[in-house]
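Trainee: Got a structure for you, written out below as structure tokens; questions coming shortly.
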Amino acid sequence: MFQQLMDDKDFLAFTLTNINNKVPEQRFELSNKTTVTILDHGIICFNPAQGSTKDIVLSCAIHGNETAPIEICNELINNLLKETIVTKQRVLFIIGNPDSILSQTRFVEENMNRLFSGAHSSGLGLSNKERVRAKKLEEYVANFYLQNNSSQRIHYDLHTAIKPSKHEKFAIYPYRPGRSYSADQIMFLAGCDVDTILFHHEPTTTFSYYSSEQFKADAFTVELGKVMPFGENDMLKFANTKKMLLQLITQQQVELAPFDKDKLHLYKVSRSINKQFDDFKFTFDKTTVNFSGFKQNHVLATEGDTEIKVIYPYEAIVFPNENVPVGQRTVLCLVPAPNEDIQ
């Protein structure tokens with residue numbers, strides 16, 4: 001089985017080909033002395049011969065139809081296996097939901113990015129593959145970080161959005177009470193062409209929040225554009241993202257531009273609107289893009305006899321989706337955030 005991987009040097013193909021086979025943990029050493037550990041389907045770790053200064057998690061395919069991040073991660077993995085690049089940092093790559101990649105869907109039974117921080121075991125419990133997988137992914141991340149307590153911890157959970165966006169690439173900075181936001185991290189993302197940051201306002205059950213809250217990692221949910229099928233992504237749009245990720249793992253330090261909020265779009269989440277009844281319906285057109293803005297008292301949605309209105313002088317929206325189960329989020333509302341604690 002592992003000979004196939006070493007012959008083809010294609011980790012995604014290896015993962016999907018063997019999806020129905022048990023993948024035992026396998027460890028081997030490349031000629032450059034990098035230790036490679038395959039932990040599970042879609043889970044591979046690279047440990048450099050020399051001590052690293054960063055412990056980096058790069059995850060993709062938490063939603064299986066978000067293909068551009070999968071292609072970016074797979075290219076990095078394959079180049080590491082081919083030894084055309086050599087990592088100087090410990091890196092854990094996660095292809096989150098291989099089953100949904102094969103089905104070409106966002107998920108098979110349940111949205112995995114609502115199942116972290118223990119949510120996998122609440123309510124219905126470990127009743128489907130996504131819940132079981134989310135629990136395992138938490139364990140792999142925990143084991144990876146806890147093997148080393150002296151390095152900077154980073155987690156970029158890479159996605160693409162269902163809808164087009166006014167700001168094509170953006171990142172969600174998880175809620176982190178008592179901790180300032182990192183100017184260096186924000187400028188690293190800006191170097192990836194991710195020049196729009198959303199500061200979240202409350203705990204969530206996303207993968208990036210898990211790493212941030214549990215391990216004080218510099219963690220983000222990173223949206224790199226719009227969902228496209230395999231083979232239809234314009235990879236030129238991700239050139240700077242790939243360049244920065246390559247520098248992150250192959251260099252001790254990445255040279256960053258000075259922090260300049262005037263070159264960024266900074267928002268904070270003002271509220272999350274959850275669906276309470278089946279008749280929830282937005283008033284705006286389905287073609288409305290992420291970061292569209294509305295003025296105070298504009299009716300965003302209706303639910304029964306209730307009108308859900310804009311409550312601030314201006315609110316923008318992101319991730320609108322009225323077709324979620326009752327109890328789940330339908331949209332995030334945003335307000336400008338020029339004065340957040342960024343250091």
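Ordered as shown in the structure tokens, chains take letters A, B, and onward, while each chain numbers its residues from 1 and ligands are numbered from 1 in the order shown.
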Each residue of region 193-248 of chain A with at least one atom at most 7 Å from region 60-81 of chain A should appear once, together with its nearest atom pair and the corresponding distance in Å (one decimal); atoms considered: only C-alpha atoms; ordering: chain, then increasing residue number; output as a Markdown table.

Mentor:
```
| residue | atom | partner | partner_atom | distance |
| --- | --- | --- | --- | --- |
| A:Val227 | CA | A:Glu66 | CA | 5.3 |
| A:Met228 | CA | A:Thr67 | CA | 6.5 |
| A:Pro229 | CA | A:Thr67 | CA | 6.3 |
| A:Phe230 | CA | A:Thr67 | CA | 5.8 |
| A:Asn233 | CA | A:Ala68 | CA | 6.3 |
| A:Lys242 | CA | A:Ile72 | CA | 6.8 |
```

Trainee: Write the residues of the selection above to a file with N, CA and C atoms, as a compact mmCIF listing (two decimals), in the first residue's frame.

Mentor:
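Result file result-v2.txt:
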```
# COMPACT_ATOMS: atom_id res chain seq x y z
N VAL A 227 -16.32 28.12 -4.10
CA VAL A 227 -16.30 26.68 -4.37
C VAL A 227 -16.32 26.43 -5.88
N MET A 228 -15.38 25.58 -6.32
CA MET A 228 -15.33 25.16 -7.72
C MET A 228 -15.00 23.67 -7.77
N PRO A 229 -15.45 22.96 -8.83
CA PRO A 229 -15.09 21.54 -8.96
C PRO A 229 -13.59 21.38 -9.24
N PHE A 230 -13.08 20.18 -8.97
CA PHE A 230 -11.69 19.88 -9.33
C PHE A 230 -11.47 20.17 -10.82
N ASN A 233 -10.48 25.28 -10.92
CA ASN A 233 -9.91 26.38 -10.15
C ASN A 233 -8.84 27.09 -10.98
N LYS A 242 0.09 30.14 -2.06
CA LYS A 242 1.03 29.02 -2.12
C LYS A 242 2.44 29.48 -1.77
```

Trainee: Residues within 8 Å of Asp157 (chain A), please, as a PDB file with C-alpha atoms, in the first residue's frame. Count only C-alpha atoms; anything in the same chain fewer than 2 positions from it doesn't count.

Mentor:
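out-v8.pdb, freshly written:
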```
ATOM      1  CA  VAL A  57      -1.455  22.462  11.083  1.00  0.00           C
ATOM      2  CA  LEU A  58      -2.711  22.929   7.518  1.00  0.00           C
ATOM      3  CA  SER A  59      -6.195  21.469   7.114  1.00  0.00           C
ATOM      4  CA  CYS A  60      -8.456  21.290   4.082  1.00  0.00           C
ATOM      5  CA  HIS A 155      -3.470  26.330  12.366  1.00  0.00           C
ATOM      6  CA  HIS A 159     -11.836  26.636   2.820  1.00  0.00           C
ATOM      7  CA  PHE A 207     -12.006  23.507  13.721  1.00  0.00           C
ATOM      8  CA  SER A 208      -9.971  26.715  13.979  1.00  0.00           C
ATOM      9  CA  ALA A 219      -5.659  29.740  14.207  1.00  0.00           C
ATOM     10  CA  PHE A 220      -7.912  30.957  11.408  1.00  0.00           C
ATOM     11  CA  THR A 221     -10.669  29.748   9.138  1.00  0.00           C
ATOM     12  CA  VAL A 222      -9.338  30.959   5.785  1.00  0.00           C
TER      13      VAL A 222
END
```

Trainee: Excluding region 161-166 of chain A and its own-chain neighbours fewer than 3 positions away, which residues fall within 7 Å of it when counting only C-alpha atoms? Please give them as a list of chain:residue names.

Mentor: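 So, after excluding close chain neighbours, the residues are A:Glu223, A:Gly225, A:Lys226, A:Val227, A:Val289, A:Asn290, A:Phe291.
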
Trainee: Skip Asn21 (chain A) itself and residues of its chain fewer than 4 positions away, then list as a PyMOL selection string all residues within 10 Å of it, counting only C-alpha atoms.

Mentor: chain A and resi 1+15-17+41

Trainee: Hey, can you check how far CA of Leu300 (chain A) sits from CA of Thr287 (chain A)?

Mentor: 14.3 Å

Trainee: Do you know which residues are at most 7 Å from region 182-184 of chain A counting only C-alpha atoms, after dropping those on the same chain fewer than 6 positions away, and could you put them as a ChimeraX atom specification?

Mentor: /A:259,342-343

Trainee: Please provide as an MDAnalysis selection string all residues within 9 Å of Asn128 (chain A), with the sequence filter that same-chain residues fewer than 4 positions apart are discarded (counting only C-alpha atoms).

Mentor: chainID A and resid 109:110 124 132:133

Trainee: Export, as a short mmCIF file (atom, residue, chain, number, x, y, z; two decimals), in the first residue's frame, the selected residues with C-alpha atoms.

Mentor:
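Generated output (selection-v3.cif):
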```
data_model
loop_
_atom_site.label_atom_id
_atom_site.label_comp_id
_atom_site.auth_asym_id
_atom_site.auth_seq_id
_atom_site.Cartn_x
_atom_site.Cartn_y
_atom_site.Cartn_z
CA GLU A 109 -24.45 13.51 6.60
CA GLU A 110 -23.55 16.53 8.72
CA LEU A 124 -26.85 12.62 18.65
CA VAL A 132 -16.45 10.17 14.41
CA ARG A 133 -13.98 11.86 12.10
#
```

Trainee: What is the distance between CA of Tyr173 (chain A) and CA of Ser122 (chain A), in Å to one decimal?

Mentor: 24.8 Å

Trainee: Would you write out, as JSON lines, a table of all residues in region 62-167 of chain A that have an atom no more than 12 Å from an atom of region 326-340 of chain A, listing for each the closest atom pair and the distance in Å to one decimal, considering only C-alpha atoms and ordering rows by chain and rising residue number?

Mentor:
```
{"residue": "A:Glu110", "atom": "CA", "partner": "A:Gln328", "partner_atom": "CA", "distance": 11.7}
{"residue": "A:Asn111", "atom": "CA", "partner": "A:Gln328", "partner_atom": "CA", "distance": 10.4}
{"residue": "A:Asn113", "atom": "CA", "partner": "A:Gln328", "partner_atom": "CA", "distance": 11.8}
{"residue": "A:Arg114", "atom": "CA", "partner": "A:Gln328", "partner_atom": "CA", "distance": 8.9}
{"residue": "A:Leu115", "atom": "CA", "partner": "A:Gln328", "partner_atom": "CA", "distance": 11.9}
```

Trainee: Step one, run DSSP on the backbone; step two, keep only residues of region 40-219 of chain A assigned to helix (DSSP H, G or I); then write them as a ChimeraX atom specification.

Mentor: /A:67-82,98-103,112-114,119-121,129-146,183-191,207-215

Trainee: Mind listing the strand (DSSP E or B) residues of region 131-343 of chain A, per DSSP on the backbone, as a PyMOL selection string?

Mentor: chain A and resi 152-161+165+170-173+181+196-199+218-226+265-274+281-282+290+293-295+299-303+306-309+314-318+329-336+342

Trainee: Near Tyr314 (chain A), counting only C-alpha atoms, which residues have an atom at most 8 Å away, once you skip same-chain residues fewer than 4 positions from it, shown as a ChimeraX atom specification?

Mentor: /A:293-296,310,335

Trainee: Have a look at A:Leu264, A:Ala239, A:Glu25, A:Asn20 and name the one nearest to Leu102 (chain A); count only C-alpha atoms.

Mentor: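 Smallest distance to Leu102 (chain A) is found for A:Asn20.
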